[in-house]
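For reference, final_27.txt (compact mmCIF, C-alpha atoms):
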```txt
# COMPACT_ATOMS: atom_id res chain seq x y z
CA MET A 182 -19.77 -25.98 1.20
CA HIS A 183 -21.32 -24.08 -1.68
CA PHE A 184 -19.27 -23.43 -4.79
CA ALA A 185 -21.96 -21.90 -7.00
CA LEU A 186 -22.69 -18.20 -6.98
CA SER A 187 -26.16 -17.04 -6.04
CA GLU A 188 -28.33 -15.28 -8.59
CA ASP A 189 -27.59 -11.91 -6.94
CA GLN A 190 -23.84 -12.56 -6.92
CA THR A 191 -23.94 -13.52 -10.59
CA LEU A 192 -25.76 -10.28 -11.42
CA ILE A 193 -23.27 -8.22 -9.39
CA ARG A 194 -20.30 -9.89 -11.06
CA ASP A 195 -21.79 -9.49 -14.54
CA MET A 196 -22.49 -5.80 -13.93
CA ALA A 197 -18.86 -5.28 -12.90
CA LEU A 198 -17.62 -7.26 -15.92
CA LYS A 199 -19.68 -5.11 -18.27
CA PHE A 200 -18.34 -1.92 -16.72
CA ALA A 201 -14.80 -3.26 -17.03
CA GLU A 202 -15.35 -4.19 -20.67
CA ASP A 203 -17.02 -0.90 -21.63
CA ARG A 204 -15.23 1.72 -19.52
CA LEU A 205 -11.93 0.32 -18.23
CA LYS A 206 -10.42 -1.98 -20.83
CA PRO A 207 -10.62 0.46 -23.79
CA ASN A 208 -8.72 3.11 -21.79
CA ALA A 209 -6.31 1.06 -19.67
CA ALA A 210 -3.31 1.30 -22.02
CA LYS A 211 -3.63 5.08 -22.35
CA TRP A 212 -4.04 5.57 -18.61
CA ASP A 213 -0.92 3.48 -18.04
CA GLU A 214 1.22 5.19 -20.66
CA GLU A 215 0.13 8.75 -19.85
CA LYS A 216 -0.21 8.20 -16.09
CA ILE A 217 -3.83 9.35 -16.03
CA PHE A 218 -5.80 9.00 -12.80
CA PRO A 219 -9.33 8.31 -14.17
CA VAL A 220 -11.35 9.93 -11.39
CA ASP A 221 -14.36 10.61 -13.64
CA VAL A 222 -14.57 6.96 -14.67
CA MET A 223 -14.24 5.82 -11.07
CA ARG A 224 -17.15 8.09 -10.22
CA GLU A 225 -19.14 6.23 -12.87
CA ALA A 226 -18.23 3.02 -11.05
CA ALA A 227 -19.39 4.64 -7.81
CA GLU A 228 -22.81 5.16 -9.40
CA LEU A 229 -23.02 1.36 -9.57
CA GLY A 230 -22.27 1.09 -5.85
CA PHE A 231 -18.59 0.18 -6.18
CA ALA A 232 -17.20 2.96 -3.95
CA GLY A 233 -18.73 1.61 -0.74
CA ILE A 234 -19.24 -2.05 -1.43
CA TYR A 235 -19.29 -3.14 2.22
CA THR A 236 -20.22 0.21 3.75
CA ARG A 237 -23.64 0.48 5.39
CA ASP A 238 -26.48 1.76 3.25
CA ASP A 239 -27.64 4.58 5.53
CA VAL A 240 -24.74 6.67 4.19
CA GLY A 241 -25.14 5.50 0.60
CA GLY A 242 -23.07 2.31 0.76
CA SER A 243 -24.01 -0.95 -0.91
CA ALA A 244 -23.95 -3.03 2.32
CA LEU A 245 -22.65 -6.08 0.45
CA THR A 246 -20.31 -8.82 1.66
CA ARG A 247 -16.57 -9.34 1.37
CA LEU A 248 -17.27 -12.15 -1.06
CA ASP A 249 -19.34 -9.79 -3.19
CA ALA A 250 -16.43 -7.35 -3.10
CA ALA A 251 -13.99 -10.04 -4.25
CA LEU A 252 -16.25 -10.80 -7.21
CA ILE A 253 -16.41 -7.10 -8.09
CA PHE A 254 -12.68 -6.40 -7.85
CA GLU A 255 -11.85 -9.52 -9.83
CA ALA A 256 -14.25 -8.43 -12.57
CA LEU A 257 -13.06 -4.81 -12.64
CA SER A 258 -9.43 -5.96 -12.85
CA LYS A 259 -10.14 -7.72 -16.13
CA GLY A 260 -10.48 -4.18 -17.48
CA CYS A 261 -7.73 -2.34 -15.58
CA VAL A 262 -5.89 -3.83 -12.61
CA SER A 263 -4.42 -0.53 -11.43
CA THR A 264 -7.73 1.35 -11.35
CA ALA A 265 -9.56 -1.52 -9.67
CA ALA A 266 -6.81 -1.73 -7.06
CA PHE A 267 -7.18 1.94 -6.18
CA MET A 268 -10.92 1.47 -5.76
CA SER A 269 -10.16 -1.33 -3.32
CA ILE A 270 -8.05 1.09 -1.24
CA HIS A 271 -10.85 3.67 -1.26
CA ASN A 272 -13.29 0.97 -0.10
CA MET A 273 -10.94 -0.05 2.71
CA CYS A 274 -10.79 3.54 3.99
CA ALA A 275 -14.58 3.84 3.81
CA TRP A 276 -14.99 0.61 5.77
CA MET A 277 -12.63 1.81 8.50
CA ILE A 278 -14.62 5.02 8.95
CA ASP A 279 -17.92 3.13 8.78
CA THR A 280 -16.78 0.57 11.36
CA TRP A 281 -14.91 2.71 13.89
CA GLY A 282 -16.16 6.21 13.24
CA THR A 283 -18.71 7.98 15.40
CA GLU A 284 -22.13 8.63 13.92
CA GLU A 285 -21.09 12.23 13.30
CA GLN A 286 -17.93 11.07 11.48
CA ARG A 287 -19.86 8.57 9.40
CA GLN A 288 -22.41 11.15 8.28
CA ARG A 289 -19.71 13.75 7.59
CA PHE A 290 -17.15 11.68 5.70
CA LEU A 291 -18.95 8.79 4.07
CA PRO A 292 -21.78 10.17 1.85
CA PRO A 293 -19.37 12.04 -0.48
CA MET A 294 -17.05 9.01 -0.47
CA MET A 295 -19.86 6.80 -1.74
CA THR A 296 -20.08 8.93 -4.91
CA MET A 297 -16.30 9.46 -4.99
CA ASP A 298 -16.86 13.18 -4.95
CA LYS A 299 -14.40 12.73 -2.09
CA ILE A 300 -11.62 10.17 -2.50
CA ALA A 301 -9.66 8.53 0.33
CA SER A 302 -6.11 7.23 0.74
CA TYR A 303 -4.72 4.83 3.34
CA CYS A 304 -1.55 6.04 5.07
CA LEU A 305 0.40 3.44 7.03
CA THR A 306 3.79 2.82 5.37
CA GLU A 307 6.68 5.17 6.11
CA PRO A 308 10.19 5.50 4.64
CA GLY A 309 11.56 3.63 7.67
CA ALA A 310 8.53 1.51 8.56
CA GLY A 311 7.31 -0.87 5.88
CA SER A 312 6.81 -4.46 6.99
CA ASP A 313 7.54 -3.36 10.57
CA ALA A 314 4.47 -1.13 10.63
CA ALA A 315 4.37 -0.98 14.45
CA SER A 316 7.62 1.04 14.41
CA LEU A 317 6.07 3.98 12.54
CA ARG A 318 7.34 7.41 13.65
CA THR A 319 4.78 9.92 12.36
CA ARG A 320 3.67 11.56 15.59
CA ALA A 321 0.49 13.35 16.63
CA VAL A 322 0.79 15.48 19.77
CA ARG A 323 -2.38 16.62 21.52
CA ASP A 324 -2.75 20.39 21.76
CA GLY A 325 -6.13 21.28 23.21
CA ASP A 326 -8.83 20.15 20.81
CA HIS A 327 -6.31 19.48 18.01
CA TYR A 328 -3.50 17.07 17.21
CA VAL A 329 -0.30 18.43 15.68
CA LEU A 330 1.11 15.91 13.19
CA ASN A 331 4.74 15.67 12.09
CA GLY A 332 6.28 12.97 9.91
CA SER A 333 5.85 11.40 6.50
CA LYS A 334 4.20 8.48 4.76
CA ALA A 335 5.57 6.69 1.69
CA PHE A 336 4.02 4.87 -1.29
CA ILE A 337 0.61 6.46 -0.76
CA SER A 338 -1.80 5.69 -3.60
CA GLY A 339 -3.94 8.65 -4.64
CA ALA A 340 -1.79 11.13 -2.72
CA GLY A 341 -2.17 14.67 -3.95
CA THR A 342 -5.57 13.99 -5.48
CA SER A 343 -7.38 12.28 -2.60
CA ASP A 344 -9.46 14.41 -0.26
CA TYR A 345 -9.17 12.30 2.90
CA TYR A 346 -6.05 10.62 4.31
CA VAL A 347 -6.66 7.88 6.88
CA VAL A 348 -3.40 8.22 8.81
CA MET A 349 -1.86 5.85 11.33
CA CYS A 350 0.29 7.93 13.68
CA ARG A 351 1.91 7.70 17.09
CA THR A 352 0.05 9.36 19.93
CA GLY A 353 1.66 7.39 22.74
CA GLU A 354 4.32 4.83 23.65
CA ASP A 355 6.53 2.91 21.22
CA GLY A 356 5.05 -0.17 19.61
CA PRO A 357 1.54 -0.98 18.39
CA LYS A 358 -0.29 0.24 21.53
CA GLY A 359 0.85 3.81 20.97
CA ILE A 360 -0.73 4.19 17.50
CA SER A 361 -3.95 6.01 16.68
CA THR A 362 -5.88 6.67 13.46
CA ILE A 363 -6.73 10.20 12.34
CA VAL A 364 -8.50 11.39 9.19
CA VAL A 365 -6.60 14.33 7.68
CA GLU A 366 -8.42 16.45 5.11
CA LYS A 367 -6.62 17.59 1.97
CA ASP A 368 -6.53 21.34 2.51
CA THR A 369 -5.20 21.13 6.07
CA PRO A 370 -2.23 23.53 6.50
CA GLY A 371 1.01 21.61 6.94
CA LEU A 372 -0.03 18.75 4.65
CA SER A 373 2.09 18.43 1.50
CA PHE A 374 2.97 15.89 -1.18
CA GLY A 375 6.08 14.75 -2.99
CA ALA A 376 6.48 14.20 -6.71
CA ASN A 377 4.55 11.40 -8.38
CA GLU A 378 6.75 8.31 -8.13
CA LYS A 379 8.03 6.73 -11.35
CA LYS A 380 6.79 3.18 -10.99
CA MET A 381 7.01 -0.16 -12.77
CA GLY A 382 3.22 -0.49 -12.79
CA TRP A 383 0.03 0.85 -11.23
CA ASN A 384 0.48 3.94 -13.41
CA SER A 385 -3.21 4.86 -13.58
CA GLN A 386 -2.98 6.00 -9.95
CA PRO A 387 -0.54 8.52 -8.50
CA THR A 388 1.84 7.45 -5.73
CA ARG A 389 3.49 10.12 -3.61
CA VAL A 390 5.10 10.77 -0.27
CA VAL A 391 2.72 12.49 2.15
CA THR A 392 4.38 14.90 4.58
CA PHE A 393 3.02 16.46 7.77
CA GLU A 394 4.71 19.57 9.13
CA ASP A 395 2.97 20.99 12.20
CA CYS A 396 -0.27 19.81 10.62
CA ARG A 397 -3.16 20.70 12.97
CA VAL A 398 -6.07 18.28 12.82
CA PRO A 399 -9.18 18.41 15.04
CA VAL A 400 -9.38 15.70 17.70
CA GLU A 401 -12.87 14.99 16.37
CA ASN A 402 -11.18 13.48 13.27
CA ARG A 403 -9.68 10.61 15.30
CA LEU A 404 -11.25 7.21 14.68
CA ALA A 405 -11.88 5.15 17.82
CA GLU A 406 -9.89 5.71 21.00
CA GLU A 407 -6.23 6.63 21.26
CA GLY A 408 -4.04 3.56 20.98
CA MET A 409 -6.50 1.67 18.76
CA GLY A 410 -4.87 2.64 15.48
CA PHE A 411 -2.81 -0.48 14.95
CA THR A 412 -5.88 -2.65 15.46
CA LEU A 413 -7.78 -0.56 12.89
CA ALA A 414 -4.91 -0.77 10.42
CA MET A 415 -4.50 -4.54 10.70
CA ASN A 416 -8.23 -5.22 10.46
CA GLY A 417 -8.40 -3.02 7.40
CA LEU A 418 -5.55 -4.96 5.84
CA ASN A 419 -7.31 -8.31 6.28
CA GLY A 420 -9.94 -7.16 3.83
CA GLY A 421 -7.37 -5.33 1.73
CA ARG A 422 -5.46 -8.56 1.24
CA ILE A 423 -8.55 -10.28 -0.12
CA ASN A 424 -9.23 -7.33 -2.40
CA ILE A 425 -5.72 -7.20 -3.82
CA ALA A 426 -5.71 -10.96 -4.31
CA ALA A 427 -9.01 -10.59 -6.20
CA CYS A 428 -7.39 -7.93 -8.38
CA SER A 429 -4.66 -10.46 -9.17
CA LEU A 430 -7.35 -12.99 -10.12
CA GLY A 431 -8.88 -10.53 -12.57
CA GLY A 432 -5.58 -9.61 -14.19
CA ALA A 433 -4.49 -13.24 -14.51
CA SER A 434 -7.89 -14.26 -15.85
CA GLU A 435 -7.66 -11.60 -18.55
CA ALA A 436 -4.11 -12.70 -19.41
CA LEU A 437 -5.25 -16.31 -19.73
CA ASP A 438 -8.11 -15.29 -22.03
CA VAL A 439 -5.72 -13.28 -24.20
CA ALA A 440 -3.23 -16.18 -24.30
CA MET A 441 -5.91 -18.68 -25.33
CA ASP A 442 -7.04 -16.40 -28.13
CA TYR A 443 -3.48 -15.78 -29.29
CA THR A 444 -2.42 -19.44 -29.28
CA SER A 445 -5.52 -20.42 -31.25
CA THR A 446 -4.64 -18.07 -34.12
CA ARG A 447 -0.84 -17.73 -34.11
CA LYS A 448 0.73 -20.40 -36.35
CA GLN A 449 4.22 -21.87 -36.31
CA PHE A 450 5.48 -24.90 -38.25
CA GLY A 451 2.12 -25.10 -39.99
CA LEU A 452 0.06 -25.45 -36.82
CA ALA A 453 -1.61 -23.12 -34.34
CA ILE A 454 0.56 -22.76 -31.25
CA GLY A 455 -2.36 -24.06 -29.22
CA ASP A 456 -2.27 -27.35 -31.11
CA PHE A 457 1.10 -28.24 -29.60
CA GLN A 458 0.84 -30.32 -26.45
CA VAL A 459 3.42 -28.21 -24.64
CA SER A 460 1.14 -25.17 -25.06
CA GLN A 461 -1.95 -27.12 -24.03
CA PHE A 462 -0.23 -28.35 -20.88
CA LYS A 463 0.94 -24.85 -20.05
CA LEU A 464 -2.57 -23.43 -20.50
CA ALA A 465 -4.03 -26.26 -18.44
CA ASP A 466 -1.63 -25.51 -15.57
CA MET A 467 -2.43 -21.81 -15.79
CA ALA A 468 -6.17 -22.50 -15.58
CA THR A 469 -5.64 -24.86 -12.63
CA GLU A 470 -3.51 -22.39 -10.66
CA LEU A 471 -6.02 -19.64 -11.34
CA ASP A 472 -8.92 -21.75 -10.15
CA ALA A 473 -7.09 -22.84 -7.00
CA SER A 474 -6.29 -19.20 -6.26
CA ARG A 475 -9.91 -18.21 -6.78
CA LEU A 476 -11.16 -20.87 -4.36
CA MET A 477 -8.73 -19.68 -1.68
CA VAL A 478 -9.70 -16.03 -2.12
CA TYR A 479 -13.42 -16.73 -2.03
CA ARG A 480 -13.06 -18.92 1.07
CA ALA A 481 -11.04 -16.25 2.88
CA ALA A 482 -13.68 -13.66 2.00
CA ALA A 483 -16.45 -15.92 3.29
CA MET A 484 -14.54 -16.51 6.54
CA LEU A 485 -14.08 -12.76 7.02
CA ASP A 486 -17.80 -12.28 6.47
CA ALA A 487 -18.48 -14.96 9.09
CA LYS A 488 -16.04 -13.29 11.53
CA ASP A 489 -14.22 -16.59 11.84
CA PRO A 490 -11.40 -16.34 14.43
CA SER A 491 -8.96 -17.81 11.89
CA ALA A 492 -9.94 -15.34 9.15
CA ALA A 493 -6.67 -13.36 9.37
CA LYS A 494 -4.66 -16.51 8.67
CA TYR A 495 -6.80 -17.46 5.70
CA CYS A 496 -6.67 -13.90 4.33
CA ALA A 497 -2.86 -14.11 4.52
CA MET A 498 -2.84 -17.54 2.87
CA ALA A 499 -5.10 -16.40 0.05
CA LYS A 500 -3.12 -13.23 -0.54
CA ARG A 501 0.23 -15.07 -0.53
CA TYR A 502 -0.91 -17.87 -2.81
CA ALA A 503 -3.07 -15.92 -5.24
CA THR A 504 -0.69 -13.03 -5.83
CA ASP A 505 2.24 -15.40 -6.40
CA LYS A 506 0.37 -17.82 -8.64
CA CYS A 507 -1.50 -15.19 -10.63
CA PHE A 508 1.76 -13.39 -11.39
CA ASP A 509 3.13 -16.72 -12.63
CA VAL A 510 0.05 -17.19 -14.82
CA VAL A 511 0.57 -13.80 -16.45
CA ASN A 512 4.28 -14.52 -16.90
CA GLN A 513 3.44 -17.76 -18.69
CA ALA A 514 0.89 -15.92 -20.85
CA LEU A 515 3.64 -13.52 -21.87
CA GLN A 516 5.92 -16.46 -22.71
CA LEU A 517 3.25 -17.98 -24.94
CA HIS A 518 3.14 -14.71 -26.88
CA GLY A 519 6.88 -14.88 -27.52
CA GLY A 520 8.36 -11.52 -28.51
CA TYR A 521 4.91 -10.03 -29.03
CA GLY A 522 4.16 -10.42 -25.33
CA TYR A 523 6.99 -8.00 -24.62
CA LEU A 524 5.40 -5.27 -26.73
CA GLN A 525 2.91 -2.69 -25.53
CA ASP A 526 0.68 -3.59 -28.49
CA TYR A 527 -0.58 -6.44 -26.30
CA PRO A 528 -1.95 -6.00 -22.75
CA ILE A 529 0.14 -8.79 -21.21
CA GLU A 530 3.19 -6.73 -20.29
CA ARG A 531 1.02 -4.09 -18.59
CA ILE A 532 -0.85 -6.72 -16.58
CA LEU A 533 2.48 -8.29 -15.59
CA ARG A 534 3.80 -4.94 -14.36
CA ASP A 535 0.60 -4.17 -12.46
CA LEU A 536 0.42 -7.56 -10.74
CA ARG A 537 4.03 -7.59 -9.58
CA VAL A 538 3.42 -5.09 -6.78
CA HIS A 539 0.62 -7.22 -5.34
CA GLN A 540 3.28 -9.53 -3.91
CA ILE A 541 4.63 -6.55 -1.94
CA LEU A 542 1.78 -4.32 -0.78
CA GLU A 543 -0.90 -5.00 1.84
CA GLY A 544 1.93 -6.81 3.62
CA THR A 545 4.69 -8.53 1.65
CA ASN A 546 4.25 -12.21 0.94
CA GLU A 547 7.10 -12.87 3.35
CA VAL A 548 5.04 -11.17 6.07
CA MET A 549 2.06 -13.32 5.04
CA ARG A 550 4.18 -16.35 5.85
CA VAL A 551 4.97 -14.87 9.26
CA ILE A 552 1.25 -14.40 9.98
CA ILE A 553 0.47 -17.96 8.89
CA ALA A 554 3.34 -19.43 10.91
CA LYS A 555 2.31 -17.51 14.05
CA ASP A 556 -1.18 -18.92 13.78
CA MET A 557 0.18 -22.43 13.21
CA LYS A 558 2.46 -22.08 16.23
CA LYS A 559 -0.57 -21.97 18.52
CA ALA A 560 -1.14 -25.65 17.72
CA TRP A 561 2.52 -26.75 17.87
CA PRO A 562 3.45 -29.10 20.73
CA SER A 563 5.25 -27.42 23.62
CA ASN A 564 9.00 -27.93 23.75
CA SER A 565 8.90 -28.06 27.54
```

Starting from the file, give its structure as structure tokens.
Amino acid sequence: MHFALSEDQTLIRDMALKFAEDRLKPNAAKWDEEKIFPVDVMREAAELGFAGIYTRDDVGGSALTRLDAALIFEALSKGCVSTAAFMSIHNMCAWMIDTWGTEEQRQRFLPPMMTMDKIASYCLTEPGAGSDAASLRTRAVRDGDHYVLNGSKAFISGAGTSDYYVVMCRTGEDGPKGISTIVVEKDTPGLSFGANEKKMGWNSQPTRVVTFEDCRVPVENRLAEEGMGFTLAMNGLNGGRINIAACSLGGASEALDVAMDYTSTRKQFGLAIGDFQVSQFKLADMATELDASRLMVYRAAAMLDAKDPSAAKYCAMAKRYATDKCFDVVNQALQLHGGYGYLQDYPIERILRDLRVHQILEGTNEVMRVIIAKDMKKAWPSNS
């Protein structure tokens, strides 16, 4: 077991940290308050290879590993959690096209995605199908060399701005075997978007309902064979769970840094807050929980890279643990700030709001427990 980063990994992480410090952190509060989607800045990140981190290099991707991606998203999230999280979604869509697309699809869709001249959104959740994703109702009916889509998707990050929508839809029977994946392009007639949702956090990215009304999409935009969509969606989410957990690591790490700085300078009763043992113990626990979370995320990423058969379980474990514990770390950082932590003058309250949704998306943490328990059940003694 190797716990030290390689020289290349250190350079990649440091490059992402510098970008976060220079281009994300100075703007994060404004993007949050004014609900600005910083596409131009994300395109700058794409110039560094962050739009196709684990996409193959023949289409302009960086061809890096899942562990490399975790390092990058953790570093970017120290600057702006919400923006880094959207980039993780874009990367997930690129990976799905790169992995299951035909050569024609790869060459058509991916090069502009690598520069973020074209942006992608992932469309799985529906108003009536959240955790029970296999019950989705958006339907695509074959009509010659087109599919006609009808239905809607909810909570779609980037909707209205994104150019490509990687849509899970029903082409066959009920249940997971009747789902396929189709890439819908933005200007397709019959595709429309709801109002930007008013959210607790993640305000630097728009979130809208995506609606399909007799939306005709060429069959050539389908990824893989009919009925493979649920497999594509779930495999995409394994990596997405690592990414979102890494975003939690970055946000919590920034909150811990801010709390350590604050407690070293803020004085009460004639002493710096950090001189009180209760504060030192709290900071020590925060650092420990953060480090434990980081180890779990990095291990899950390494297992996904190795195509370990238990990778899905470890991705679920890492996502469940890291998003819960990192939220707690930020909450404790806010408590150490007292009333000031509740003000927008400090970044803590924004980080807290951004991290809260990580316990819900990419599969709720309750669903993560279901995945873990199902895997454990394979080893349980038979009751017969």

Name the residues, using the chain letters and numbers of the file, that sit within 12 Å of (-15.9, -16.8, 1.9) when counting all atoms listed in the file, and give them as an MDAnalysis selection string.
-> chainID A and resid 182:186 246:252 420 423 475:489 492 495:496 499

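Considering all atoms listed in the file, the residue among A:Pro370, A:Gly309, A:Pro387, A:Gly417 positioned nearest to A:Trp276 is A:Gly417.
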
Would you please work out which residue, of A:Ala266, A:Gln540, A:Leu413, A:Gly519, is nearest to A:Gln449 when using only C-alpha atoms?
->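 Among A:Ala266, A:Gln540, A:Leu413, A:Gly519, it is A:Gly519 that comes nearest to A:Gln449.
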
Using only C-alpha atoms, which of A:Met297, A:Leu471, A:Val400, A:Val329 sits nearest A:Gly241?
->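 Ranked by minimum distance to A:Gly241, first place goes to A:Met297.
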
Counting only C-alpha atoms, which residues in stretch 255-312 of chain A sit no more than 12 Å from stretch 234-238 of chain A? For each one, give the nearest pair of atoms and the distance in Å, sorted by chain then residue number, as CSV.
```
residue,atom,partner,partner_atom,distance
A:Met268,CA,A:Ile234,CA,10.0
A:Ser269,CA,A:Ile234,CA,9.3
A:Ile270,CA,A:Ile234,CA,11.6
A:His271,CA,A:Ile234,CA,10.2
A:Asn272,CA,A:Ile234,CA,6.8
A:Met273,CA,A:Tyr235,CA,8.9
A:Cys274,CA,A:Thr236,CA,10.0
A:Ala275,CA,A:Thr236,CA,6.7
A:Trp276,CA,A:Thr236,CA,5.6
A:Met277,CA,A:Thr236,CA,9.1
A:Ile278,CA,A:Thr236,CA,9.0
A:Asp279,CA,A:Thr236,CA,6.3
A:Thr280,CA,A:Thr236,CA,8.4
A:Trp281,CA,A:Thr236,CA,11.7
A:Gly282,CA,A:Thr236,CA,11.9
A:Glu284,CA,A:Arg237,CA,11.9
A:Arg287,CA,A:Arg237,CA,9.8
A:Gln288,CA,A:Arg237,CA,11.1
A:Leu291,CA,A:Thr236,CA,8.7
A:Pro292,CA,A:Asp238,CA,9.7
A:Met294,CA,A:Thr236,CA,10.3
A:Met295,CA,A:Thr236,CA,8.6
A:Thr296,CA,A:Ile234,CA,11.5
```

Counting all atoms listed in the file, which residues of stretch 210-248 of chain A fall within 9 Å of stretch 192-197 of chain A, and what is the closest atom pair for each with its distance in Å at one decimal, ordered by chain and rising number, as a Markdown table?
```
| residue | atom | partner | partner_atom | distance |
| --- | --- | --- | --- | --- |
| A:Ala226 | CA | A:Ala197 | CA | 8.5 |
| A:Leu229 | CA | A:Met196 | CA | 8.4 |
| A:Phe231 | CA | A:Ala197 | CA | 8.7 |
```

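If you look at atom CA of A:Cys304 and atom CA of A:Arg397, they are 16.7 Å away from each other.
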
If you count only C-alpha atoms, which residues fall within 9 Å of A:Thr264, apart from same-chain ones fewer than 4 positions away, as a list in words?
->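 Answer for this query is Leu205, Ala209, Phe218, Pro219, Met223, Leu257, Ser258, Gly260, Met268, Ser269, Trp383, Asn384, Ser385 and Gln386 of chain A.
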
Measure the distance from atom CA of A:Arg403 to atom CA of A:Gly356 in Å and round it to one decimal.
-> 18.8 Å

Judged by all atoms listed in the file, the minimum distance to A:Thr369 among A:Cys350, A:Arg289, A:Phe393, A:Ala554 is found for A:Phe393

Would you kindly return, as a CSV table (one decimal) with C-alpha atoms, in the coordinates of the input, each protein, DNA or RNA residue with an atom no farther than 6 Å from any atom of A:Gly410, considering all atoms listed in the file and excluding same-chain residues fewer than 4 positions away?
```
chain,number,residue,atom,x,y,z
A,360,ILE,CA,-0.7,4.2,17.5
A,361,SER,CA,-4.0,6.0,16.7
A,362,THR,CA,-5.9,6.7,13.5
```

What would stretch 270-286 of chain A look like if you wrote it out as a compact mmCIF listing (two decimals), in the first residue's frame, with N, CA and C atoms included, from the block I just posted?
```txt
# COMPACT_ATOMS: atom_id res chain seq x y z
N ILE A 270 -19.40 16.68 -13.12
CA ILE A 270 -20.53 16.17 -13.90
C ILE A 270 -20.18 16.15 -15.39
N HIS A 271 -19.59 17.24 -15.86
CA HIS A 271 -19.17 17.32 -17.26
C HIS A 271 -18.18 16.19 -17.58
N ASN A 272 -17.24 15.93 -16.68
CA ASN A 272 -16.28 14.85 -16.88
C ASN A 272 -16.96 13.49 -16.92
N MET A 273 -17.99 13.31 -16.08
CA MET A 273 -18.70 12.03 -16.07
C MET A 273 -19.39 11.80 -17.41
N CYS A 274 -20.02 12.84 -17.97
CA CYS A 274 -20.67 12.71 -19.27
C CYS A 274 -19.64 12.39 -20.36
N ALA A 275 -18.51 13.07 -20.31
CA ALA A 275 -17.46 12.81 -21.31
C ALA A 275 -16.98 11.37 -21.23
N TRP A 276 -16.81 10.87 -20.02
CA TRP A 276 -16.35 9.49 -19.84
C TRP A 276 -17.36 8.49 -20.39
N MET A 277 -18.64 8.75 -20.19
CA MET A 277 -19.67 7.84 -20.70
C MET A 277 -19.63 7.78 -22.22
N ILE A 278 -19.47 8.93 -22.87
CA ILE A 278 -19.39 8.95 -24.33
C ILE A 278 -18.09 8.28 -24.79
N ASP A 279 -17.00 8.55 -24.10
CA ASP A 279 -15.71 7.98 -24.46
C ASP A 279 -15.70 6.46 -24.31
N THR A 280 -16.40 5.96 -23.29
CA THR A 280 -16.39 4.53 -22.98
C THR A 280 -17.36 3.74 -23.83
N TRP A 281 -18.57 4.27 -24.04
CA TRP A 281 -19.61 3.50 -24.72
C TRP A 281 -19.98 4.04 -26.10
N GLY A 282 -19.45 5.18 -26.46
CA GLY A 282 -19.78 5.73 -27.76
C GLY A 282 -19.04 5.02 -28.89
N THR A 283 -19.62 5.09 -30.09
CA THR A 283 -18.92 4.60 -31.26
C THR A 283 -17.77 5.55 -31.59
N GLU A 284 -16.90 5.15 -32.48
CA GLU A 284 -15.80 6.02 -32.86
C GLU A 284 -16.33 7.32 -33.48
N GLU A 285 -17.40 7.20 -34.26
CA GLU A 285 -18.00 8.40 -34.84
C GLU A 285 -18.54 9.33 -33.75
N GLN A 286 -19.20 8.77 -32.74
CA GLN A 286 -19.73 9.57 -31.65
C GLN A 286 -18.61 10.23 -30.85
```
